[in-house]
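See structure below.
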Amino acid sequence: MAGILDSKSRIMDVVITEQGRRQLASGQMKIEYATFTDLGAFYSGDESGVIEDPTGRIYFEAASDLPSDLITFETDDSGLLVPYRADNFGAGGKNLIISGSARDKSDAAGAANAISKAILESWNYLQVIGTDDPLDDEQGFTLSRKTATFSIRDNFPFGPGDVKVAVVDDIEGLSNDVRLSHLKNFKYLPPVNSAGKLAGQPIGSFPDNNEKLDADQQHLETRISSLEFADFQFVQTSIENNFIMQVFELSGDDGVIKLDVIDYGTKRASNDPSKFIRTLFVGKILQDGYSNPTFVNIFTMEIG
C-alpha cells in the first residue's frame, strides 16, 4: 500500500502489507503489477463544480492490514488457505464462515457463490482508478453455460487396460513430471564434456527418468480428445478480456481445498496454426513416502 504525503519532504509513503511480509519471508514476493486508488482521497468542490486544490490538506500515512489487501485466495506451504476475510465472510485452513456460521458442507453452490462475492467485494473496496472508454460500454462477460457435469462409470474414463488405482510413491514426482518438462530446470540435462575431443558428448550413461506421456501438444490433444469434456464460450466480453480464475474442491469430508494449477504454456493448436491454446493442469500436490512432492492431475483445462 502507498500514500502520497507532503510533497516537500516525502513524496510517497510505501508500506508492505501483512500478506506482502509473508510472501517476502518465504521468498515468494514478486511485484508484477501496480494499481492506483483514490480510497484515501477527499474530494471537495465549489458550487461551480470545480474541485478545490488538495495540496494544502494533511493526509494520513498509508493504511495496512486491510481486508482488501488479499483479493484472491492463497495457500500456505501445507496447502491450507491463508486467513481471508470480507464482509460477513471468513476463510482459513479448510473452513468457510459465512454470515457468522460455519458453511453447510452439503451446500457447495452456496459456498462457491460466497467465495466469488467475497473476491468481488475485496476488489471493489480498493476503489482502483481506471479509464472508461466512451466508445465501449460493455463490462464483464457472459458465458455460454455456468455448470458442467461429468459422470464416472465402470468403463469410462478408464478403460480395461488403464491404471485405475495408483500409489503416490509409484507416481512420477515433480522433478520428472512431463507437465513441467517445458521448463529448463526440469529438463533432462546429463553432464557433458566441456573441452577436448569429447567436448559436447555425455560423460557417462545416465538414465532419463522423465515421464514421456504427452511429450508434445499433438500427443496431448490426441489423448484428451477421447475423454469427456465441456466447452465454455465467452458469449459477451469486454475489450480487455481480463479475468482471474481459481479452482476449489468443495466436499463434505475435506471442506474447502484450493487446487494447484500447473501452467503448461501456450502453443499453437494442431488443427489450426493461427490459434494458440494455453493448457492448465488442475490437481493436487501430495507428498510421497520420501517427502517428495507429487502432482496428481484431476482434470485439464485448455484456454484458446
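Following the order of the C-alpha cells, first chain is A, next is B, and so on, with residues numbered from 1 inside each chain and ligands from 1 in the order they appear.
Excluding Arg85 of chain A itself and any same-chain residue fewer than 2 positions from it, the protein and nucleic acid residues within 10 Å of it, counting only C-alpha atoms, are Leu66, Pro67, Ser68, Asp69, Leu70, Ile71, Phe73, Val82, Pro83, Asp87, Asn88, Phe89, Gly90, Ala91, Gly92, Leu96, Ile97, Ala118, Ile119 and Ser122 of chain A.
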Since we have the selection now, will you write its residues out, keeping N, CA and C atoms, as a compact mmCIF listing (two decimals), in the first residue's frame?
# COMPACT_ATOMS: atom_id res chain seq x y z
N LEU A 66 -5.50 -4.28 5.74
CA LEU A 66 -6.92 -4.15 5.41
C LEU A 66 -7.42 -5.45 4.80
N PRO A 67 -8.71 -5.75 4.93
CA PRO A 67 -9.23 -6.98 4.31
C PRO A 67 -8.97 -7.04 2.81
N SER A 68 -8.98 -5.89 2.15
CA SER A 68 -8.80 -5.87 0.71
C SER A 68 -7.35 -6.08 0.29
N ASP A 69 -6.41 -6.17 1.26
CA ASP A 69 -5.02 -6.44 0.90
C ASP A 69 -4.89 -7.80 0.20
N LEU A 70 -5.77 -8.71 0.53
CA LEU A 70 -5.77 -10.04 -0.09
C LEU A 70 -7.04 -10.15 -0.92
N ILE A 71 -6.90 -10.02 -2.23
CA ILE A 71 -8.08 -10.04 -3.10
C ILE A 71 -8.52 -11.47 -3.37
N PHE A 73 -7.79 -15.82 -3.03
CA PHE A 73 -7.36 -16.76 -2.00
C PHE A 73 -5.95 -17.26 -2.29
N VAL A 82 -4.78 -19.45 3.42
CA VAL A 82 -4.32 -18.36 4.26
C VAL A 82 -5.55 -17.61 4.78
N PRO A 83 -5.59 -17.20 6.05
CA PRO A 83 -6.77 -16.49 6.57
C PRO A 83 -7.22 -15.35 5.66
N ASP A 87 -16.74 -8.92 4.11
CA ASP A 87 -17.99 -8.65 4.81
C ASP A 87 -18.80 -9.93 4.96
N ASN A 88 -19.12 -10.29 6.21
CA ASN A 88 -19.92 -11.48 6.52
C ASN A 88 -19.30 -12.75 5.96
N PHE A 89 -17.97 -12.77 5.87
CA PHE A 89 -17.32 -13.93 5.27
C PHE A 89 -15.92 -14.08 5.86
N GLY A 90 -15.51 -15.30 6.07
CA GLY A 90 -14.17 -15.58 6.54
C GLY A 90 -13.73 -16.95 6.08
N ALA A 91 -12.45 -17.12 5.86
CA ALA A 91 -11.92 -18.41 5.42
C ALA A 91 -10.54 -18.60 6.01
N GLY A 92 -10.20 -19.86 6.24
CA GLY A 92 -8.90 -20.20 6.78
C GLY A 92 -8.77 -21.70 6.89
N LEU A 96 -14.89 -22.40 5.84
CA LEU A 96 -15.50 -21.14 5.46
C LEU A 96 -16.52 -20.74 6.51
N ILE A 97 -16.51 -19.47 6.87
CA ILE A 97 -17.51 -18.92 7.79
C ILE A 97 -18.32 -17.89 7.01
N ALA A 118 -17.06 -12.61 -2.18
CA ALA A 118 -16.01 -12.06 -1.32
C ALA A 118 -14.86 -11.49 -2.15
N ILE A 119 -14.47 -12.18 -3.21
CA ILE A 119 -13.39 -11.69 -4.07
C ILE A 119 -13.80 -10.38 -4.74
N SER A 122 -13.73 -7.48 -2.20
CA SER A 122 -12.37 -7.04 -1.89
C SER A 122 -11.82 -6.18 -3.01
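Per DSSP on the backbone, strand (DSSP E) in segment 168-259 of chain A comprises Phe234, Val235, Gln236, Phe248, Glu249, Leu250, Ser251, Gly255, Val256, Ile257 and Lys258 of chain A.
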Selection from above, C-alpha atoms, as an mmCIF file, in the first residue's frame, can you write it?
data_model
loop_
_atom_site.group_PDB
_atom_site.id
_atom_site.type_symbol
_atom_site.label_atom_id
_atom_site.label_comp_id
_atom_site.auth_asym_id
_atom_site.auth_seq_id
_atom_site.Cartn_x
_atom_site.Cartn_y
_atom_site.Cartn_z
ATOM 1 C CA PHE A 234 -17.379 -16.229 -23.894
ATOM 2 C CA VAL A 235 -20.611 -15.073 -25.493
ATOM 3 C CA GLN A 236 -20.147 -11.459 -24.431
ATOM 4 C CA PHE A 248 -11.574 -25.117 -5.494
ATOM 5 C CA GLU A 249 -12.667 -28.541 -4.356
ATOM 6 C CA LEU A 250 -15.680 -28.461 -2.044
ATOM 7 C CA SER A 251 -16.512 -31.664 -0.210
ATOM 8 C CA GLY A 255 -14.043 -28.898 3.499
ATOM 9 C CA VAL A 256 -12.540 -26.336 1.125
ATOM 10 C CA ILE A 257 -9.358 -27.140 -0.784
ATOM 11 C CA LYS A 258 -7.753 -24.732 -3.256
#
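The smallest atom-to-atom distance between Glu172 of chain A and any of A:Ile203, A:Val128, A:Val296, A:Ile239, using only C-alpha atoms, is found for A:Val296.
We find atom CA of Val192 of chain A and atom CA of Glu211 of chain A to be spaced 21.9 Å apart.
A straight line drawn from atom CA of Glu228 of chain A to atom CA of Val282 of chain A is 15.6 Å long.
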Neighbour list for Leu80 of chain A as a VMD selection string, cut-off 7 Å, only C-alpha atoms, skip fewer than 5 positions in-chain | chain A and resid 75 93 to 94
Output as a ChimeraX atom specification all residues of segment 13-238 of chain A that backbone DSSP marks as helix (DSSP H, G or I).
-> /A:18-25,54-56,67-69,108-125,168-170,174-176,178-180,184-186,217-224
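Ranking A:Ala195, A:Val261, A:Met29, A:Leu174 by their shortest atom-to-atom distance to Phe295 of chain A, with only C-alpha atoms included, puts A:Leu174 first.
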